[in-house]
Amino acid sequence: MAWLSGVINRQQDRLEDAEKNFRQVLEYRTEDSVARKFDFSKDYEVINLLGQTIFDRALQIRSESRADERRARLEEAVEVFRKTLAIDSENVDAHYNLSQLYSQLNDKEKAAEHRALHAKYKPDDTARGQAVSAARQKYPAADFASEALVIYDLQREHPKVTAATQP
């Protein structure tokens with residue numbers, strides 16, 4: 001519930017509430033969750049959402065009199081994305097956001113490093129599209145099943161199995 005609230009709050013630009021929601025998810029501990037070994041603190045999707053929310057809140061601070069506060073929030077977002085990289089060192093979203101954050105912090109070297117890592121790990125959309133197209137042509141049943149809306153004919157007749165058709 002907290003995750004969904006955070007996503008909705010982000011979409012509606014209620015960033016302070018979204019930040020609280022994502023922190024709730026990452027800090028969620030109950031006797032039952034511990035017993036069932038649910039540890040949401042390592043959910044890098046939520047960690048990234050928290051980092052993006054902190055980053056967005058930092059960008060809203062424009063006053064020169066609050067420059068130190070802005071810098072502190074940017075550095076906090078950097079630390080959040082570093083948590084993601086500790087879990088998944090090839091996380092594309094974390095590298096992209098770190099490249100943006102380091103640009104904001106005027107650290108050109110680290111910004112370039114994370115820009116290069118983002119480019120290295122970013123999936124090749126063209127290759128993915130070609131592979132999906134080839135697989136759809138080769139496997140018509142899977143192509144049909146992968147459509148957004150699939151309606152199966154429940155009244156179709158199945159071919160009879162005979163000795164000649166058995167493997």
# chains A, B, ... in the order shown; residues from 1 in each chain; ligands from 1
$ residues_around --residues "Ala58 of chain A" --least-positions-apart "5" --cutoff "7 Å" --atoms "only C-alpha atoms" --output "list in words"
Arg70, Arg73 and Leu74 of chain A
$ residues_around --residues "segment 18-34 of chain A" --least-positions-apart "6" --cutoff "8 Å" --atoms "only C-alpha atoms" --output "list of chain:residue names"
A:Ala2, A:Trp3, A:Ser5, A:Gly6, A:Val7, A:Ile8, A:Asn9, A:Arg10, A:Phe40, A:Ser41, A:Lys42, A:Asp43, A:Val46, A:Ile47, A:Leu49, A:Leu50, A:Thr53, A:Ile54
$ residues_around --residues "segment 76-82 of chain A" --least-positions-apart "2" --cutoff "8 Å" --atoms "only C-alpha atoms" --output "list in words"
Ile47, Asn48, Leu50, Gly51, Gln52, Ile54, Phe55, Ala72, Arg73, Leu74, Thr84, Leu85, Ala86, Ala94, His95, Asn97, Leu98 and Leu101 of chain A
$ atom_distance --atom1 "atom CA of Glu147 of chain A" --atom2 "atom CA of Pro123 of chain A"
22.1 Å
$ atom_distance --atom1 "atom CA of Tyr102 of chain A" --atom2 "atom CA of Glu75 of chain A"
8.9 Å
$ atom_distance --atom1 "atom CA of Arg66 of chain A" --atom2 "atom CA of His114 of chain A"
27.1 Å
$ closest_residue --among "A:Asp88, A:Asp39, A:Asp17, A:Asp68" --to "Leu4 of chain A" --atoms "only C-alpha atoms"
A:Asp17
$ decode --residues "segment 63-79 of chain A" --atoms "N, CA, C and O atoms" --output "PDB file, in the first residue's frame"
ATOM      1  N   SER A  63      16.404  28.806  -4.737  1.00  0.00           N
ATOM      2  CA  SER A  63      16.881  30.022  -4.085  1.00  0.00           C
ATOM      3  C   SER A  63      18.363  29.900  -3.716  1.00  0.00           C
ATOM      4  O   SER A  63      18.804  28.873  -3.207  1.00  0.00           O
ATOM      5  N   GLU A  64      19.102  30.955  -3.986  1.00  0.00           N
ATOM      6  CA  GLU A  64      20.528  30.983  -3.619  1.00  0.00           C
ATOM      7  C   GLU A  64      20.716  30.857  -2.107  1.00  0.00           C
ATOM      8  O   GLU A  64      21.693  30.290  -1.645  1.00  0.00           O
ATOM      9  N   SER A  65      19.763  31.361  -1.344  1.00  0.00           N
ATOM     10  CA  SER A  65      19.874  31.306   0.116  1.00  0.00           C
ATOM     11  C   SER A  65      19.727  29.866   0.630  1.00  0.00           C
ATOM     12  O   SER A  65      20.098  29.582   1.761  1.00  0.00           O
ATOM     13  N   ARG A  66      19.213  28.971  -0.210  1.00  0.00           N
ATOM     14  CA  ARG A  66      19.033  27.569   0.183  1.00  0.00           C
ATOM     15  C   ARG A  66      19.959  26.629  -0.609  1.00  0.00           C
ATOM     16  O   ARG A  66      19.704  25.442  -0.715  1.00  0.00           O
ATOM     17  N   ALA A  67      21.044  27.181  -1.144  1.00  0.00           N
ATOM     18  CA  ALA A  67      21.973  26.395  -1.955  1.00  0.00           C
ATOM     19  C   ALA A  67      22.567  25.223  -1.174  1.00  0.00           C
ATOM     20  O   ALA A  67      22.757  24.129  -1.725  1.00  0.00           O
ATOM     21  N   ASP A  68      22.866  25.439   0.102  1.00  0.00           N
ATOM     22  CA  ASP A  68      23.424  24.353   0.918  1.00  0.00           C
ATOM     23  C   ASP A  68      22.406  23.231   1.106  1.00  0.00           C
ATOM     24  O   ASP A  68      22.767  22.051   1.083  1.00  0.00           O
ATOM     25  N   GLU A  69      21.154  23.593   1.291  1.00  0.00           N
ATOM     26  CA  GLU A  69      20.098  22.593   1.443  1.00  0.00           C
ATOM     27  C   GLU A  69      19.941  21.786   0.139  1.00  0.00           C
ATOM     28  O   GLU A  69      19.804  20.568   0.169  1.00  0.00           O
ATOM     29  N   ARG A  70      19.993  22.483  -0.985  1.00  0.00           N
ATOM     30  CA  ARG A  70      19.891  21.811  -2.287  1.00  0.00           C
ATOM     31  C   ARG A  70      21.038  20.821  -2.470  1.00  0.00           C
ATOM     32  O   ARG A  70      20.838  19.678  -2.853  1.00  0.00           O
ATOM     33  N   ARG A  71      22.253  21.273  -2.159  1.00  0.00           N
ATOM     34  CA  ARG A  71      23.419  20.407  -2.306  1.00  0.00           C
ATOM     35  C   ARG A  71      23.304  19.180  -1.389  1.00  0.00           C
ATOM     36  O   ARG A  71      23.622  18.065  -1.794  1.00  0.00           O
ATOM     37  N   ALA A  72      22.832  19.378  -0.168  1.00  0.00           N
ATOM     38  CA  ALA A  72      22.679  18.262   0.776  1.00  0.00           C
ATOM     39  C   ALA A  72      21.673  17.244   0.241  1.00  0.00           C
ATOM     40  O   ALA A  72      21.890  16.034   0.361  1.00  0.00           O
ATOM     41  N   ARG A  73      20.586  17.729  -0.356  1.00  0.00           N
ATOM     42  CA  ARG A  73      19.578  16.817  -0.909  1.00  0.00           C
ATOM     43  C   ARG A  73      20.143  16.064  -2.118  1.00  0.00           C
ATOM     44  O   ARG A  73      19.877  14.876  -2.289  1.00  0.00           O
ATOM     45  N   LEU A  74      20.915  16.740  -2.956  1.00  0.00           N
ATOM     46  CA  LEU A  74      21.544  16.072  -4.104  1.00  0.00           C
ATOM     47  C   LEU A  74      22.500  14.986  -3.622  1.00  0.00           C
ATOM     48  O   LEU A  74      22.516  13.873  -4.163  1.00  0.00           O
ATOM     49  N   GLU A  75      23.293  15.302  -2.603  1.00  0.00           N
ATOM     50  CA  GLU A  75      24.230  14.317  -2.061  1.00  0.00           C
ATOM     51  C   GLU A  75      23.489  13.155  -1.406  1.00  0.00           C
ATOM     52  O   GLU A  75      23.941  12.000  -1.479  1.00  0.00           O
ATOM     53  N   GLU A  76      22.346  13.427  -0.783  1.00  0.00           N
ATOM     54  CA  GLU A  76      21.531  12.359  -0.202  1.00  0.00           C
ATOM     55  C   GLU A  76      21.026  11.428  -1.308  1.00  0.00           C
ATOM     56  O   GLU A  76      21.039  10.202  -1.160  1.00  0.00           O
ATOM     57  N   ALA A  77      20.594  12.005  -2.421  1.00  0.00           N
ATOM     58  CA  ALA A  77      20.135  11.188  -3.553  1.00  0.00           C
ATOM     59  C   ALA A  77      21.273  10.329  -4.092  1.00  0.00           C
ATOM     60  O   ALA A  77      21.066   9.160  -4.448  1.00  0.00           O
ATOM     61  N   VAL A  78      22.483  10.875  -4.141  1.00  0.00           N
ATOM     62  CA  VAL A  78      23.650  10.090  -4.579  1.00  0.00           C
ATOM     63  C   VAL A  78      23.815   8.862  -3.690  1.00  0.00           C
ATOM     64  O   VAL A  78      24.009   7.742  -4.181  1.00  0.00           O
ATOM     65  N   GLU A  79      23.724   9.059  -2.389  1.00  0.00           N
ATOM     66  CA  GLU A  79      23.879   7.934  -1.452  1.00  0.00           C
ATOM     67  C   GLU A  79      22.789   6.883  -1.648  1.00  0.00           C
ATOM     68  O   GLU A  79      23.057   5.683  -1.545  1.00  0.00           O
TER      69      GLU A  79
END
